[in-house]
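Content type compact mmCIF, C-alpha atoms and all ligand atoms, from the file entry15.txt:
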# COMPACT_ATOMS: atom_id res chain seq x y z
CA MET A 1 0.00 0.00 0.00
CA LEU A 2 1.16 3.51 -0.84
CA LEU A 3 2.11 5.55 2.25
CA ILE A 4 2.05 9.16 1.13
CA GLY A 5 2.02 12.49 2.96
CA SER A 6 3.57 15.91 3.01
CA HIS A 7 5.01 18.49 5.26
CA VAL A 8 2.06 20.13 7.11
CA GLY A 9 1.74 22.98 9.61
CA TYR A 10 1.54 22.74 13.39
CA ASN A 11 0.26 25.38 15.79
CA SER A 12 0.09 25.37 19.57
CA LYS A 13 -3.68 26.01 19.60
CA ASP A 14 -4.79 22.97 17.58
CA GLY A 15 -1.70 20.84 18.24
CA LEU A 16 -1.41 17.51 16.47
CA LEU A 17 -5.13 17.61 15.54
CA GLY A 18 -4.59 20.64 13.30
CA SER A 19 -1.76 18.88 11.46
CA ALA A 20 -3.84 15.72 10.99
CA VAL A 21 -6.82 17.68 9.62
CA GLU A 22 -4.56 19.45 7.12
CA ALA A 23 -3.02 16.13 6.01
CA ALA A 24 -6.46 14.54 5.52
CA SER A 25 -7.54 17.51 3.39
CA TYR A 26 -4.77 16.60 0.89
CA GLY A 27 -5.73 12.91 0.79
CA GLU A 28 -2.72 11.77 2.85
CA ASN A 29 -2.36 8.70 5.07
CA THR A 30 0.75 10.01 6.85
CA PHE A 31 2.41 13.43 7.33
CA MET A 32 5.39 15.33 8.73
CA PHE A 33 5.54 18.50 10.84
CA TYR A 34 7.78 20.69 12.99
CA THR A 35 6.71 21.09 16.65
CA GLY A 36 7.44 24.85 16.29
CA ALA A 37 9.20 27.18 13.86
CA PRO A 38 11.97 25.22 12.09
CA GLN A 39 14.48 28.06 12.45
CA ASN A 40 14.12 28.61 16.20
CA THR A 41 13.79 26.63 19.42
CA VAL A 42 10.70 28.35 20.86
CA ARG A 43 8.33 25.51 21.72
CA SER A 44 4.92 25.56 23.41
CA LYS A 45 3.46 23.03 25.84
CA ILE A 46 1.73 20.02 24.32
CA ASP A 47 -1.96 19.56 25.18
CA PRO A 48 -2.55 15.82 25.76
CA LEU A 49 -6.30 16.23 25.16
CA LYS A 50 -5.67 17.59 21.66
CA THR A 51 -3.20 14.80 21.02
CA ASN A 52 -5.80 12.18 21.94
CA GLU A 53 -8.39 13.88 19.75
CA ALA A 54 -5.84 13.81 16.95
CA PHE A 55 -5.29 10.06 17.29
CA LYS A 56 -9.03 9.44 17.19
CA TYR A 57 -9.33 11.65 14.12
CA MET A 58 -6.40 9.88 12.44
CA GLU A 59 -7.90 6.46 13.04
CA GLU A 60 -11.24 7.56 11.58
CA ASN A 61 -9.53 9.11 8.56
CA GLY A 62 -7.07 6.36 7.66
CA ILE A 63 -3.90 8.12 8.79
CA TYR A 64 -1.22 5.78 10.13
CA ARG A 65 -0.05 7.13 13.46
CA ASP A 66 3.08 4.96 13.53
CA LYS A 67 4.20 6.41 10.17
CA VAL A 68 3.93 10.08 11.17
CA ILE A 69 7.22 11.98 11.26
CA VAL A 70 8.46 15.00 13.23
CA HIS A 71 11.24 17.11 11.70
CA ALA A 72 13.73 18.58 14.19
CA PRO A 73 14.45 22.33 13.86
CA TYR A 74 17.34 22.77 11.46
CA ILE A 75 19.26 25.08 13.75
CA ILE A 76 20.25 22.07 15.87
CA ASN A 77 23.85 21.45 14.80
CA LEU A 78 25.55 18.60 16.63
CA ALA A 79 28.67 18.95 14.45
CA ASN A 80 29.64 22.43 15.63
CA THR A 81 32.02 22.10 18.59
CA ASP A 82 31.12 25.61 19.86
CA LYS A 83 27.35 24.99 19.98
CA TYR A 84 27.51 21.33 20.96
CA PRO A 85 26.09 21.50 24.53
CA PHE A 86 23.10 23.57 23.39
CA ALA A 87 22.42 21.22 20.46
CA VAL A 88 22.50 18.13 22.67
CA SER A 89 20.22 19.59 25.32
CA PHE A 90 17.72 20.91 22.79
CA LEU A 91 17.67 17.63 20.90
CA LYS A 92 16.98 15.81 24.20
CA GLU A 93 14.01 18.09 24.83
CA GLU A 94 12.74 17.61 21.28
CA CYS A 95 12.88 13.83 21.69
CA LYS A 96 10.78 14.19 24.86
CA ARG A 97 8.22 16.26 22.97
CA VAL A 98 8.05 13.65 20.22
CA GLU A 99 7.42 10.97 22.86
CA GLU A 100 4.74 13.12 24.49
CA LEU A 101 3.07 13.41 21.10
CA GLY A 102 3.05 9.61 20.83
CA ILE A 103 5.17 9.68 17.69
CA LYS A 104 8.08 7.40 16.94
CA TYR A 105 10.30 9.14 14.38
CA LEU A 106 12.29 12.36 14.45
CA VAL A 107 14.13 13.43 11.29
CA LEU A 108 17.38 15.29 11.95
CA HIS A 109 19.87 17.04 9.64
CA PRO A 110 23.20 15.54 10.78
CA GLY A 111 24.91 18.95 10.93
CA SER A 112 27.54 21.22 9.39
CA HIS A 113 31.15 21.27 10.58
CA VAL A 114 31.43 25.09 10.08
CA GLY A 115 35.22 24.93 9.68
CA PHE A 116 36.11 22.28 12.30
CA GLY A 117 36.63 19.74 9.50
CA ARG A 118 34.68 16.68 8.39
CA GLU A 119 36.25 14.16 10.79
CA VAL A 120 35.74 16.35 13.87
CA GLY A 121 32.21 17.18 12.77
CA LEU A 122 31.26 13.55 12.21
CA GLN A 123 32.68 12.56 15.60
CA ASN A 124 30.74 15.37 17.32
CA ILE A 125 27.52 14.11 15.71
CA ILE A 126 28.21 10.52 16.80
CA ASN A 127 28.95 11.64 20.38
CA GLY A 128 25.81 13.79 20.44
CA LEU A 129 23.58 11.02 19.09
CA ASN A 130 24.92 8.59 21.68
CA GLU A 131 24.23 11.09 24.48
CA VAL A 132 20.69 11.73 23.28
CA LEU A 133 19.62 8.23 22.23
CA ARG A 134 20.66 6.69 25.54
CA ASP A 135 17.68 8.31 27.29
CA THR A 136 14.87 8.20 24.74
CA ASN A 137 12.58 5.81 22.88
CA THR A 138 12.37 8.21 19.94
CA THR A 139 14.04 6.91 16.79
CA ILE A 140 16.22 9.59 15.18
CA LEU A 141 16.39 9.43 11.38
CA LEU A 142 19.48 11.07 9.88
CA GLU A 143 18.58 12.87 6.65
CA THR A 144 20.86 12.51 3.64
CA MET A 145 22.09 16.02 2.77
CA ALA A 146 22.88 17.89 -0.47
CA GLY A 147 26.34 19.08 0.59
CA LYS A 148 25.56 22.78 0.79
CA GLY A 149 28.28 24.72 2.65
CA THR A 150 29.92 22.43 5.21
CA GLU A 151 27.04 19.97 5.57
CA LEU A 152 27.87 16.44 6.68
CA GLY A 153 26.03 13.22 5.83
CA ILE A 154 26.13 13.70 2.07
CA THR A 155 27.77 10.43 0.93
CA LEU A 156 26.87 6.83 1.68
CA ASP A 157 30.22 6.58 3.42
CA GLU A 158 29.43 9.45 5.81
CA ILE A 159 25.94 8.17 6.55
CA SER A 160 27.42 4.75 7.20
CA LYS A 161 30.03 6.18 9.61
CA LEU A 162 27.30 8.00 11.52
CA VAL A 163 24.84 5.11 11.72
CA HIS A 164 27.51 2.60 12.70
CA GLY A 165 29.05 4.98 15.24
CA VAL A 166 25.83 4.95 17.24
CA ASN A 167 25.57 2.39 20.04
CA TYR A 168 21.78 2.30 20.23
CA LYS A 169 19.10 0.66 18.11
CA ASN A 170 16.86 3.72 17.75
CA ILE A 171 18.75 5.19 14.80
CA GLY A 172 17.68 5.23 11.15
CA VAL A 173 17.96 7.15 7.89
CA CYS A 174 15.65 9.45 5.92
CA LEU A 175 16.46 9.65 2.20
CA ASP A 176 15.70 12.95 0.45
CA THR A 177 15.59 12.60 -3.35
CA CYS A 178 16.46 16.27 -4.02
CA HIS A 179 19.40 16.10 -1.63
CA LEU A 180 20.63 12.81 -3.14
CA ASN A 181 20.53 14.30 -6.65
CA ASP A 182 22.35 17.43 -5.51
CA ALA A 183 24.88 15.27 -3.65
CA GLY A 184 25.70 13.40 -6.88
CA TYR A 185 23.50 10.27 -6.81
CA ASP A 186 21.62 9.82 -10.07
CA MET A 187 17.99 9.09 -9.18
CA SER A 188 17.37 7.55 -12.61
CA SER A 189 19.42 4.59 -11.34
CA PHE A 190 17.89 4.52 -7.88
CA ASP A 191 17.94 0.71 -7.71
CA ASP A 192 21.76 0.80 -7.90
CA TYR A 193 21.84 3.39 -5.12
CA LEU A 194 19.56 1.21 -3.00
CA ASP A 195 21.81 -1.83 -3.56
CA SER A 196 24.87 0.15 -2.45
CA PHE A 197 22.94 1.49 0.54
CA ASP A 198 21.99 -2.05 1.49
CA LYS A 199 25.59 -3.26 1.24
CA GLU A 200 27.16 -0.36 3.16
CA ILE A 201 24.45 0.40 5.71
CA GLY A 202 21.46 -1.93 5.46
CA ILE A 203 18.14 -1.18 3.78
CA ASN A 204 16.29 -1.71 7.07
CA TYR A 205 17.68 1.57 8.36
CA ILE A 206 15.59 3.52 5.85
CA LYS A 207 12.43 4.65 7.65
CA CYS A 208 11.31 7.69 5.66
CA ILE A 209 11.74 9.18 2.17
CA HIS A 210 11.42 12.87 1.33
CA VAL A 211 10.13 12.98 -2.22
CA ASN A 212 11.19 16.20 -3.94
CA ASP A 213 12.26 17.13 -7.43
CA SER A 214 15.36 19.36 -7.69
CA LYS A 215 15.84 22.78 -9.29
CA ASN A 216 19.50 21.95 -9.89
CA VAL A 217 21.64 19.44 -11.76
CA LEU A 218 23.32 16.34 -10.39
CA SER A 219 26.17 17.14 -7.91
CA SER A 220 25.20 20.82 -7.68
CA HIS A 221 25.26 20.79 -3.82
CA LYS A 222 22.50 23.39 -3.79
CA ASP A 223 19.38 21.94 -2.04
CA ARG A 224 16.52 23.75 -3.79
CA HIS A 225 13.37 21.65 -3.97
CA GLU A 226 11.13 21.66 -7.05
CA ASN A 227 7.58 20.40 -7.60
CA ILE A 228 7.22 16.79 -8.73
CA GLY A 229 8.05 16.46 -12.43
CA PHE A 230 9.23 20.05 -12.88
CA GLY A 231 12.86 19.49 -11.95
CA THR A 232 15.98 17.67 -13.06
CA ILE A 233 14.96 14.32 -11.51
CA GLY A 234 11.66 14.12 -13.33
CA PHE A 235 8.29 12.47 -12.74
CA ASP A 236 9.13 8.94 -13.92
CA SER A 237 12.21 8.54 -11.74
CA LEU A 238 10.28 9.79 -8.70
CA ILE A 239 7.36 7.41 -9.38
CA ASN A 240 9.87 4.57 -9.68
CA ILE A 241 11.24 5.43 -6.20
CA ILE A 242 7.80 5.92 -4.62
CA TYR A 243 6.55 2.55 -5.86
CA ASN A 244 9.77 0.61 -5.19
CA LYS A 245 8.68 -2.78 -3.81
CA LYS A 246 11.50 -2.85 -1.26
CA LEU A 247 10.31 0.43 0.27
CA GLU A 248 6.58 -0.26 0.37
CA ASP A 249 6.12 0.20 4.13
CA ILE A 250 8.16 3.41 4.22
CA PRO A 251 6.32 6.76 4.40
CA LYS A 252 6.95 9.05 1.40
CA ILE A 253 6.77 12.72 2.36
CA LEU A 254 6.53 15.64 -0.08
CA GLU A 255 8.42 18.83 0.77
CA THR A 256 7.86 20.49 -2.57
CA PRO A 257 7.48 24.28 -2.70
CA TYR A 258 4.18 26.12 -2.42
CA ILE A 259 2.90 27.53 -5.71
CA ASN A 260 1.59 31.10 -5.47
CA LYS A 261 1.55 30.73 -1.67
CA LYS A 262 -0.71 27.68 -1.86
CA ALA A 263 0.06 24.07 -0.92
CA PRO A 264 0.35 21.88 -4.04
CA TYR A 265 0.17 18.59 -2.13
CA LYS A 266 -3.42 17.57 -2.88
CA TYR A 267 -2.67 17.81 -6.62
CA GLU A 268 0.77 16.25 -6.50
CA ILE A 269 -0.56 13.33 -4.45
CA ASP A 270 -3.34 12.80 -6.99
CA GLU A 271 -0.71 12.68 -9.73
CA ILE A 272 1.31 10.17 -7.72
CA LYS A 273 -1.73 7.98 -7.03
CA ASN A 274 -2.66 8.05 -10.74
CA LYS A 275 0.99 7.82 -11.87
CA SER A 276 0.23 10.61 -14.32
CA PHE A 277 2.09 13.91 -14.53
CA ASN A 278 0.16 17.13 -15.05
CA LYS A 279 2.56 19.52 -16.76
CA GLU A 280 -0.05 22.28 -16.37
CA LEU A 281 -0.14 21.96 -12.58
CA LYS A 282 1.40 25.36 -11.93
CA ASP A 283 -1.20 27.09 -14.12
CA LEU A 284 -3.92 25.90 -11.72
CA PHE A 285 -2.49 28.25 -9.09
CA ASN A 286 -2.65 31.46 -11.12
FE FE B 1 15.08 18.13 6.11
FE FE B 2 14.12 16.76 3.26
ZN ZN B 3 16.14 20.17 1.41

Go through the file and emit its structure as structure tokens.
Ligand code: FE
Ligand code: FE
Ligand code: ZN
Amino acid sequence: MLLIGSHVGYNSKDGLLGSAVEAASYGENTFMFYTGAPQNTVRSKIDPLKTNEAFKYMEENGIYRDKVIVHAPYIINLANTDKYPFAVSFLKEECKRVEELGIKYLVLHPGSHVGFGREVGLQNIINGLNEVLRDTNTTILLETMAGKGTELGITLDEISKLVHGVNYKNIGVCLDTCHLNDAGYDMSSFDDYLDSFDKEIGINYIKCIHVNDSKNVLSSHKDRHENIGFGTIGFDSLINIIYNKKLEDIPKILETPYINKKAPYKYEIDEIKNKSFNKELKDLFN
């Protein structure tokens, strides 16, 4: 069965229920959200009543609670030696919030070494993950990155080092198709990538896929998402990834850009369900 969702909003008033209602309005059976603004660490209290309402709503509307994903704020940078204590303590708090929300998975950008060098950065991330994962049931999914600036976790080798440096079982990986393209992995031969991933890391570590087209060419190290079928990866390659038999139980999450300030997800998900690209999609938003 196809598990498909998108990035949705979250506000302190409606809590998880608001996110679930938005996801259902796009025809989704899973979704992803930030527990606050992605660029800061201001977080409000979680209302357990709203969370319970949300679970009831999700059950009635065919949304799979155990496939829902939280994305950690991207200012958490475990790789930066100078900000390390803050990053660890905030990530610990975020894991607690994810547990309070009754959700299993937290997607995290591994981090950027900001001049400390790749080896030091990777070791900082491993140390940080071990500190955090010791005390939580949340599973942290490391996202594969495009290689913008000093980002880490861009090659299979780096992801492998990180995953295998962790001493706890609650670690996994989130593939992002735009990031993989920009990092230099050709998504038109995704099956080869998946084979290499399986050999070096293990396919069972993949717990989420961000499905995005890319505005830029292979190996550009840019990280600019494009709507499905409008970028350099293309509709057919993305469909091939979404419907890969080996990844059937894995949630596919769209993080494609809004068109004219409106969410495109309902339309893009229809295209995915019908396996048919609408090259006039953007005109619908004029
Ligand atoms: Fe991300
Ligand atoms: Fe992503
Ligand atoms: Zn991205």

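The interatomic distance for the pair atom CA of A:Tyr34 and atom CA of A:Pro73 works out to 6.9 Å.
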
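The residue that comes closest to ligand ZN 3 (chain B), out of A:Leu254, A:Ile4, A:Leu156, A:Leu122 and on the basis of only C-alpha atoms and all ligand atoms, is A:Leu254.
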
Handout entry: Nearest-residue call for A:Asn181, choices A:Tyr74, A:Leu2, A:Thr155, A:Lys199, using only C-alpha atoms
Key =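 Checking each candidate against A:Asn181, we get A:Thr155 as the closest.
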
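Proximity ranking of A:Asp176, A:Glu200, A:Glu268, A:Glu60 relative to A:His225 places A:Asp176 first, based on only C-alpha atoms.
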
Handout entry: Contacts to ligand FE 1 (chain B) at 10 Å cut-off (only C-alpha atoms and all ligand atoms) as a list of chain:residue names
Key =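 Going residue by residue within 10 Å of ligand FE 1 (chain B), we get A:Pro38, A:His71, A:Ala72, A:Pro73, A:Tyr74, A:Val107, A:Leu108, A:His109, A:Pro110, A:Leu142, A:Glu143, A:Thr144, A:Met145, A:Cys174, A:Leu175, A:Asp176, A:His179, A:His210, A:Asp223, A:Glu255.
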
Exercise for the section: Please measure the separation of atom CA of A:Val166 and atom CA of A:Arg43, giving the value in Å to one decimal. Expected result: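 These atoms are spaced 27.4 Å apart.
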
Exercise for the section: For A:Phe197, list every protein, DNA or RNA residue within 10 Å, evaluated using only C-alpha atoms, and leave out those in the same chain fewer than 3 positions away; present the list as a PyMOL selection string. Expected result: chain A and resi 156-157+159-160+191-194+200-206

Exercise for the section: Could you check which of A:Lys282, A:Arg118, A:Arg97, A:Lys222 is closest to A:Ala263, using all atoms listed in the file? Expected result: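 With all atoms listed in the file as the atom set, the closest residue is A:Lys282.
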